[in-house]
Every structure is written in C-alpha cells, then in structure tokens.
Amino acid sequence: MAYCVRCGVELQKGLKYCPLCNTEVILPDEEGIDEGMRPFSDRIPRNVRPRMNLAPSRAFVFLATFIILVPLLITLIIDFTANRTITWSFYPITSLVLLWILIAYPSLLKGHTPFQVITMDILSIAVFLMSLDLYSGSFPQWSQYPALALLLLWIYIAAPFLFTWKRIYLVIIAWFSGTAAFLYALDKFTGGEDWFYPVGLPILILTGFALTVIVLSIKTSKNKPLLITGTATFALSVLMIGIDIVCNLYVKKSFTVTWSPIPAAVFIPSAIFLFIVEYNPELKAYLLKKFHL
Amino acid sequence: MAESSKNNNISTGKQDWYRLDNAALIYPSIQSDRITTMFRLSMTLKEKVDPKILQASLEEVIKWFPFYRVRLKKGFFWYYLEHNPALQRIERDVRYPLGRLHPNLGTRFLFRVRYWQSRIAVEFCHVLTDGTGGMTFLKALVYEYLKRKGKELGDPGDIPVGALLEEAAEDAYNRFYKNSLPLPDKGNKAFHIKGKLLRPGAIMITTGIIPMDAIIKEAKSRNVSLTAFLAAVYIDALQEIQDNLVAQNHKKKPIALQVPVNMRGIYPSKTLRNFSLFVMPEIDPRLGKYSFEEILQIVKETLITQTNEKAISKSLARNVGGQRNWIVRVIPLAFKKLLMPFLYTRMGENLCSGTLSNLGLIKLPEGMAKEVERVDFILGTNPINKTGCGVCGYNDKLVINFAGNIRDKSVERLFFTRLIKMGIPVKIEVNEEIKKEPLSLKHRRDN
C-alpha cells in the first residue's frame, strides 16, 4: 500500500507519481503491476471517421416523384386544354424530368458506382439541352457548345475513375487528348480552322508538358517538398514564357517575349533558391532553426 | 390513441419506432467529438469475464429491452428511434472509455457493452436513458451472465428477467406535464474551471474509493445526506480554485452544481428511458468566502426545497412546454439542429460549474451480491465544465469517479484532500498515469 505524502490518499498499485498532485511516490509497490491490476485496458480504439451517405433515401425519392408529378400534370393539362397539343409545356416538363433524374439516380447508388451516377447525370443534362435546342427550331443552333463542354467535363472526371491515380500518365494523356479534341471542335464550329494549330495546340502541349514534369517530380521525390515546389515553379515559369512566345507569334508574327520575364524573374530565382536549400543540409538546418514555427 | 397504436408493436419487435423523450431531444443535435453525451456503468465481478457467454447474455437481454435495441433516425421535424435489426457485439475495454458513438449515422446502436478482466461495463448515450435505466439494464445483463455461468443466484428481486411491460418505454415527462405553470428562474452564468482540452476522445478518469461507514458517519455527524455532503465538498473545492484564479471578489462568478434528481422517486413511473431533472445548489462568491458549514447548509436546504413535486414540476413544465409548442414543432429538423447547441450551452452547461450525479446505494439480490465486487458510475465530459463526478455506493464501498478532459486535476485533488482532512481514507485509481515530473522540479531544471 503506497500513500501520497502530500495528499494523503492511498494509491493504486504501480503508480510512480501521485495522479492528483504529481508528487513522486516514495517506496512505490514495484510488485503487482500485472495487467489485471490496472483498472483500464491500454487499448486505444482507432478514431474512424464514418463516411457520410450523400445519396437521398428511397423514401425521399418516392416523395419527390409525387411532388414533381403534380406540377408536371398541371402544366400538361393547361397547355393541352388551351392549345389541343403540347407547345410551351415542353420546357417545364423536360426540366422536371431532368430534375427527377438528378434526384432519383443517386438513390440507386447501392447498385451503381458514383462514376455511373455522374455519367448518367452529365448525359441527361446534355440530352436535355439538345432537346431544348431541337424543339426551338433549327438544330444545332447553340447546344453543341454546352454539350461539348459537358463531354469534356465527363472526360476529366472519368479518366481518374477508369485509369485510377496509380496510372496517372494515362489520365494525363486522356485529359490532354480530350482537351485537344474539344479545342479543335470549338475552332471548327466557330468558322473554320483558325486558331487551333497556331495557338491552341502549342499551349496545350506546353501545359501537358509542365503537368507531366510536376507529376514526375512528385512521384520521384517524395518527402522533399522543397524540390517539388522548386520544380513546379520552374515548370510554371517555362510554361508562361512559352505561352507568351506562342501568343506573340500569332498576334505580332514575331518571335518575342513581352510580359513573361516579370513572373519568370520571381519564379526562377525562387526555384534556384529552393534547389540550393534542398541540396545543402547545413543551410537547411540553419533556416529551420531561424524560422521554426 | 394515435400514440399508443404507433408504438404497440413492442412485443413483436418489428417495425416499431419511438419518439425521443423530452430530455433526449437535445442530445442528437449537440453531440460531437467533445460532447459525447455518454455515461458508463460497470460491475466488477469476482472472476474473469467470459466474452462468449457475455455476448450470448447480451443477445438474450436485449430482447427484453426493445426500446434500447434502436438506432437514431432523422424525421422531417424530429429525430426518432427505430428498431435496429442488427445485433450488438460486445467489445474489449479501452483506456479512454465513453468515446463517441456517432448515433447521427443512423446505423449504430446507442449503447455499447465492454469487458475488461473481471469487469462488465455498459456505456449509454443519453438519448436512450438515464442512470437508473442504464443500471437496470446492467443488472439484468450481469444477472443473465451469471446465470449462464451456472451460479446459484436465487430470487432476482426487481431485476428484469423477461420481457418488460410497455410502461417501461413511456415518456414519463409528457405524462406528468402540467400546463401553464410559471417558468423557473433563468439562472446566471456560472464559474467554469480553465484548462487546455485534451485531444477529442481522450478522457482522464480519477476514481476515489472510500469506505462507506466512514463517509456516512461524517455526513451523519453534520446531519446531512450523503449527496448534500459530497456536493458541498465539490462546491468548496471549486470555490478554492476560483479564489486562486480571481483575486477580486466582484469579478467572481457564482458556483453552481448540477445535481440530477431521479424523478421516479417523485412521480409514480416505471419508465426505463430518461426521467430525471436536476437541482442546482449555488453559492455566490461575490458576497465573500463561504465556510464549509455555510455551503453545507445551502446545499442541504436547496436539495430539500427544490426536490419536491411542486418545484420540480416548474422545470418539467418549461422543458415539455417547449417541446409541445406548435411553433417549435413545425420548424424542420435542419433548423432545429442549428438552435439546439445554443440552447444547450445557454440553458444547461453555462449555468453550472460541475455535475455531481449520485446513483445512490446499489442493491443487488443476495445471490448476485456474492459475485459482484464493485460498481462504478462515470459521467461523460463536456468542453464547458470539463469535469463531472459520478458517485455510486455498493456494499461497504463508495466509488467516486471524476472524468475530465483536461490534464489538470485540481478539482479532484482539492475534493479528495478535503475528505482526507476530515479523516476519511481515500484510495485513488486512474485510467492513465501522467508520466511527468512534478512542476516544481521541472522548473528548477530549466533555469
């Protein structure tokens, strides 16, 4: 039996310090510190954050179906009694159907992956926009632009799902070719091949190149944030100089740089500084000492 | 009529759902990593616990308590409890009990059963029940466990050994609600102990084990009940902490203690869901330093004057009246959730400096008492009051469990040293030893 000399309380076996006043225990019971004597186990449970379920419940979809059905029927009846056919009610009805798809499809999430839900949502929005365009006169008037943009968005989202982040190069290639196709199509739709080859494609190639360099540096030099930041700033300044030259070639028809030296004068010295710090452990230690937070 | 037809499937255990009782309404909205709204009851047996038998007993006992076999669900206006078809698994005990249960997720049980060496513990979320209900469940579980172990237990007494009556699941607050009573006092903002909070989930438990006869003798000699005596010691300890922190009297804040009252003793109800309210003995140190005798007198009188049907019915009327108000009822749950934390701090935790919950002397039938060594009761912590104190007596021992979420143990130290000075021996146990040198020594070395 050990007692705290300051508080006077009797202490549980095996304690080195009094839990109340932190005074060192004189002559603690060394024997009998087996597990069974301790009042609590030493197990500390992992703090698992449960994932939130964002999909609406089936009961909610059931309710929403009927709530959507009411305005749908009302518009249909009003339009039909007045005009004996469907005229303006086409717009509210398609909008309501789209709303229903957007609400209802995620609730089937148990059977469908998030990727399938996103695909379905993007597809239904594209079909909705094109149907509006079709109904209001000559086709295609304007709907090809949002449809193409949605397609590009789908490619951006789909590539990581299909190839996974482990094969990030395939993802970058998919993003690159998707964007290239999108830009080419935009160029075509807005009156012939005008800016895609001289401006669009070179900038895209430069961007893809910079992105690849950054990904490469992240993959090869893990736990070296200075090196990664340095490479990234360097790649960005090269990208900006490239964009500047390409634009000048297209607008002024001359191989010059105008604005890009200014950010480059900021980025390139910083990148060089970061590289030096990374490869000079003494300097790194000195800076850590001086600037520790 | 509608109420009874909704809930009458209790015996079949299918498709039934329960409204939250009045006290439980607030807990789902406020519970977080810091406010876990949990409490824990445990029995230490004389032999090591067999987890397989414990699991089997739990599966049997939970059938008798269908209102605990539930999960929390969101309605449009209120949360509700829904039958949970899954079966609860028992767990090994941990160093930091009373961890969050994530009832908001809608899949989990609102209680857990843990075992460690020779101890069986249940941890309840306050949404389900209060200490009395939890203790009834623990008794039933341990009785069933010991029976399955082949012990001669004899007559179970008041311990349930079969399906419970429907009245055990009633919302007694609503039954004894009286309309249009005057509102109780709003109360003042009370003193709270200071300290840096531990990481969420971590909890410091300090257990003081005291011989029952010594402390009863001391309380008797002062002509007060045990609860009043302990509450006075607690308030006195808090007073000393505030005196050390704040020098000028006029800057001090009132010290109030939340002492839950089991309303089953006041109203004739046998519910096993929440049915408790609290009284608040309070001193105002702006008027000067109180001696222990003065505090004892105030606590004693508050407990007598506030713990009667008339005084309690005022708070009951306020709480249930709020729940029955049509304006409150038609606010969608999403908005109610935003208001609840505000109400909780403003009307609950801000008003008191600590909680002292005394479950009283736990009586077990003779055959079972031979097998049970000790009973513990631990309250969960909250970030405003930081410490809470759960008291329960069994056989010849009184076990006082302080649970705190700060490292500093001044309250515990001042509380227990006061008892020591009165000549009452105290044995201390902790769930985690702080392996740190005394502050004074460390200071010297730094210089």
# chains A, B, ... in the order shown; residues from 1 in each chain; ligands from 1

$ closest_atom_pairs --of "chain B" --to "chain A" --cutoff "6 Å" --atoms "only C-alpha atoms" --output "CSV"
residue,atom,partner,partner_atom,distance
B:Asp93,CA,A:Ser41,CA,5.9
B:Val94,CA,A:Arg43,CA,4.7
B:Arg95,CA,A:Asp42,CA,4.9
B:Lys409,CA,A:Leu20,CA,5.7
B:Arg413,CA,A:Leu20,CA,5.0
B:Thr417,CA,A:Cys7,CA,5.7
B:Val426,CA,A:Val9,CA,5.2
B:Lys427,CA,A:Glu10,CA,4.3
B:Ile428,CA,A:Leu11,CA,4.9
B:Glu429,CA,A:Gln12,CA,5.0
B:Asn431,CA,A:Phe40,CA,5.5
B:Pro438,CA,A:Asn22,CA,5.0

$ residues_around --residues "range 280-282 of chain B" --least-positions-apart "3" --cutoff "6 Å" --atoms "only C-alpha atoms" --output "CSV table (one decimal) with N, CA and C atoms, in the first residue's frame"
chain,number,residue,atom,x,y,z
B,255,ILE,N,-20.9,29.8,-8.2
B,255,ILE,CA,-20.5,28.4,-8.4
B,255,ILE,C,-21.8,27.6,-8.1
B,256,ALA,N,-22.2,26.9,-9.2
B,256,ALA,CA,-23.4,26.1,-9.1
B,256,ALA,C,-23.1,24.7,-9.5
B,257,LEU,N,-23.8,23.8,-8.8
B,257,LEU,CA,-23.5,22.4,-9.1
B,257,LEU,C,-24.8,21.8,-9.6
B,258,GLN,N,-24.7,21.0,-10.7
B,258,GLN,CA,-25.9,20.3,-11.3
B,258,GLN,C,-26.0,19.0,-10.5
B,299,VAL,N,-26.5,23.8,0.5
B,299,VAL,CA,-26.8,22.7,-0.3
B,299,VAL,C,-27.9,21.8,0.3
B,302,THR,N,-31.2,23.6,-0.4
B,302,THR,CA,-31.6,23.6,-1.8
B,302,THR,C,-32.1,22.2,-2.1

$ atom_distance --atom1 "CA of Val61 in chain B" --atom2 "CA of Val161 in chain B"
7.9 Å

$ residues_around --residues "Ala210 in chain A" --least-positions-apart "3" --cutoff "12 Å" --atoms "only C-alpha atoms" --output "PyMOL selection string"
chain A and resi 172+176+203-207+213-217+231-243

$ write_last_selection --atoms "N, CA and C atoms" --output "short mmCIF file (atom, residue, chain, number, x, y, z; two decimals), in the first residue's frame"
data_model
loop_
_atom_site.label_atom_id
_atom_site.label_comp_id
_atom_site.auth_asym_id
_atom_site.auth_seq_id
_atom_site.Cartn_x
_atom_site.Cartn_y
_atom_site.Cartn_z
N ILE A 172 -3.36 11.73 -67.60
CA ILE A 172 -2.92 12.98 -68.24
C ILE A 172 -3.10 12.89 -69.75
N PHE A 176 -5.35 15.31 -71.91
CA PHE A 176 -4.71 16.05 -72.98
C PHE A 176 -5.46 15.86 -74.30
N ILE A 203 -0.06 25.69 -76.90
CA ILE A 203 -0.25 25.98 -75.47
C ILE A 203 -0.63 24.72 -74.72
N LEU A 204 -1.50 23.91 -75.37
CA LEU A 204 -1.93 22.67 -74.74
C LEU A 204 -0.74 21.74 -74.50
N ILE A 205 0.13 21.64 -75.53
CA ILE A 205 1.30 20.76 -75.40
C ILE A 205 2.20 21.25 -74.27
N LEU A 206 2.39 22.58 -74.22
CA LEU A 206 3.22 23.14 -73.15
C LEU A 206 2.64 22.85 -71.78
N THR A 207 1.31 23.02 -71.65
CA THR A 207 0.65 22.76 -70.36
C THR A 207 0.80 21.30 -69.97
N VAL A 213 5.90 17.17 -65.91
CA VAL A 213 7.12 17.40 -65.12
C VAL A 213 6.79 17.46 -63.64
N ILE A 214 5.69 18.17 -63.30
CA ILE A 214 5.31 18.28 -61.88
C ILE A 214 4.96 16.92 -61.30
N VAL A 215 4.15 16.14 -62.06
CA VAL A 215 3.76 14.81 -61.58
C VAL A 215 4.99 13.94 -61.39
N LEU A 216 5.91 14.02 -62.35
CA LEU A 216 7.14 13.23 -62.29
C LEU A 216 7.93 13.57 -61.03
N SER A 217 8.03 14.90 -60.74
CA SER A 217 8.81 15.29 -59.56
C SER A 217 8.12 14.85 -58.27
N THR A 231 10.68 22.55 -58.57
CA THR A 231 10.41 22.05 -59.93
C THR A 231 9.13 22.65 -60.47
N ALA A 232 8.10 22.71 -59.60
CA ALA A 232 6.81 23.22 -60.05
C ALA A 232 6.92 24.68 -60.46
N THR A 233 7.59 25.50 -59.64
CA THR A 233 7.71 26.93 -60.00
C THR A 233 8.52 27.08 -61.29
N PHE A 234 9.54 26.26 -61.42
CA PHE A 234 10.37 26.32 -62.63
C PHE A 234 9.53 25.97 -63.86
N ALA A 235 8.79 24.86 -63.75
CA ALA A 235 7.96 24.43 -64.88
C ALA A 235 6.92 25.50 -65.22
N LEU A 236 6.35 26.13 -64.19
CA LEU A 236 5.34 27.16 -64.43
C LEU A 236 5.92 28.36 -65.18
N SER A 237 7.14 28.77 -64.78
CA SER A 237 7.71 29.93 -65.46
C SER A 237 8.06 29.60 -66.90
N VAL A 238 8.55 28.37 -67.14
CA VAL A 238 8.81 27.95 -68.53
C VAL A 238 7.51 27.96 -69.32
N LEU A 239 6.42 27.47 -68.69
CA LEU A 239 5.12 27.45 -69.36
C LEU A 239 4.68 28.87 -69.73
N MET A 240 4.90 29.81 -68.81
CA MET A 240 4.46 31.19 -69.09
C MET A 240 5.26 31.81 -70.21
N ILE A 241 6.56 31.55 -70.21
CA ILE A 241 7.38 32.08 -71.32
C ILE A 241 6.89 31.50 -72.64
N GLY A 242 6.62 30.20 -72.64
CA GLY A 242 6.14 29.53 -73.85
C GLY A 242 4.84 30.13 -74.34
N ILE A 243 3.88 30.36 -73.41
CA ILE A 243 2.58 30.93 -73.80
C ILE A 243 2.78 32.32 -74.40
#

$ residues_around --residues "range 65-79 of chain A" --least-positions-apart "6" --cutoff "8 Å" --atoms "only C-alpha atoms" --output "PDB file with C-alpha atoms, in the first residue's frame"
ATOM      1  CA  THR A  85     -51.356  19.980 -78.338  1.00  0.00           C
ATOM      2  CA  ILE A  86     -48.065  20.361 -76.472  1.00  0.00           C
ATOM      3  CA  THR A  87     -46.492  23.773 -77.069  1.00  0.00           C
ATOM      4  CA  TRP A  88     -44.806  25.709 -74.281  1.00  0.00           C
ATOM      5  CA  SER A  89     -45.241  22.999 -71.687  1.00  0.00           C
ATOM      6  CA  PRO A  92     -41.215  22.829 -67.865  1.00  0.00           C
ATOM      7  CA  ILE A  93     -41.871  19.142 -68.470  1.00  0.00           C
ATOM      8  CA  LEU A  96     -38.986  18.442 -64.304  1.00  0.00           C
ATOM      9  CA  TRP A 100     -36.294  13.826 -61.311  1.00  0.00           C
TER      10      TRP A 100
END

$ select_by_dssp --residues "range 130-272 of chain A" --states "helix (DSSP H, G or I)" --output "PyMOL selection string"
chain A and resi 130-135+144-163+165-189+196-220+225-251+261-272

$ residues_around --residues "Arg89 in chain B" --least-positions-apart "4" --cutoff "8 Å" --atoms "only C-alpha atoms" --output "list in words"
Gln55, Arg112 and Val113 of chain B
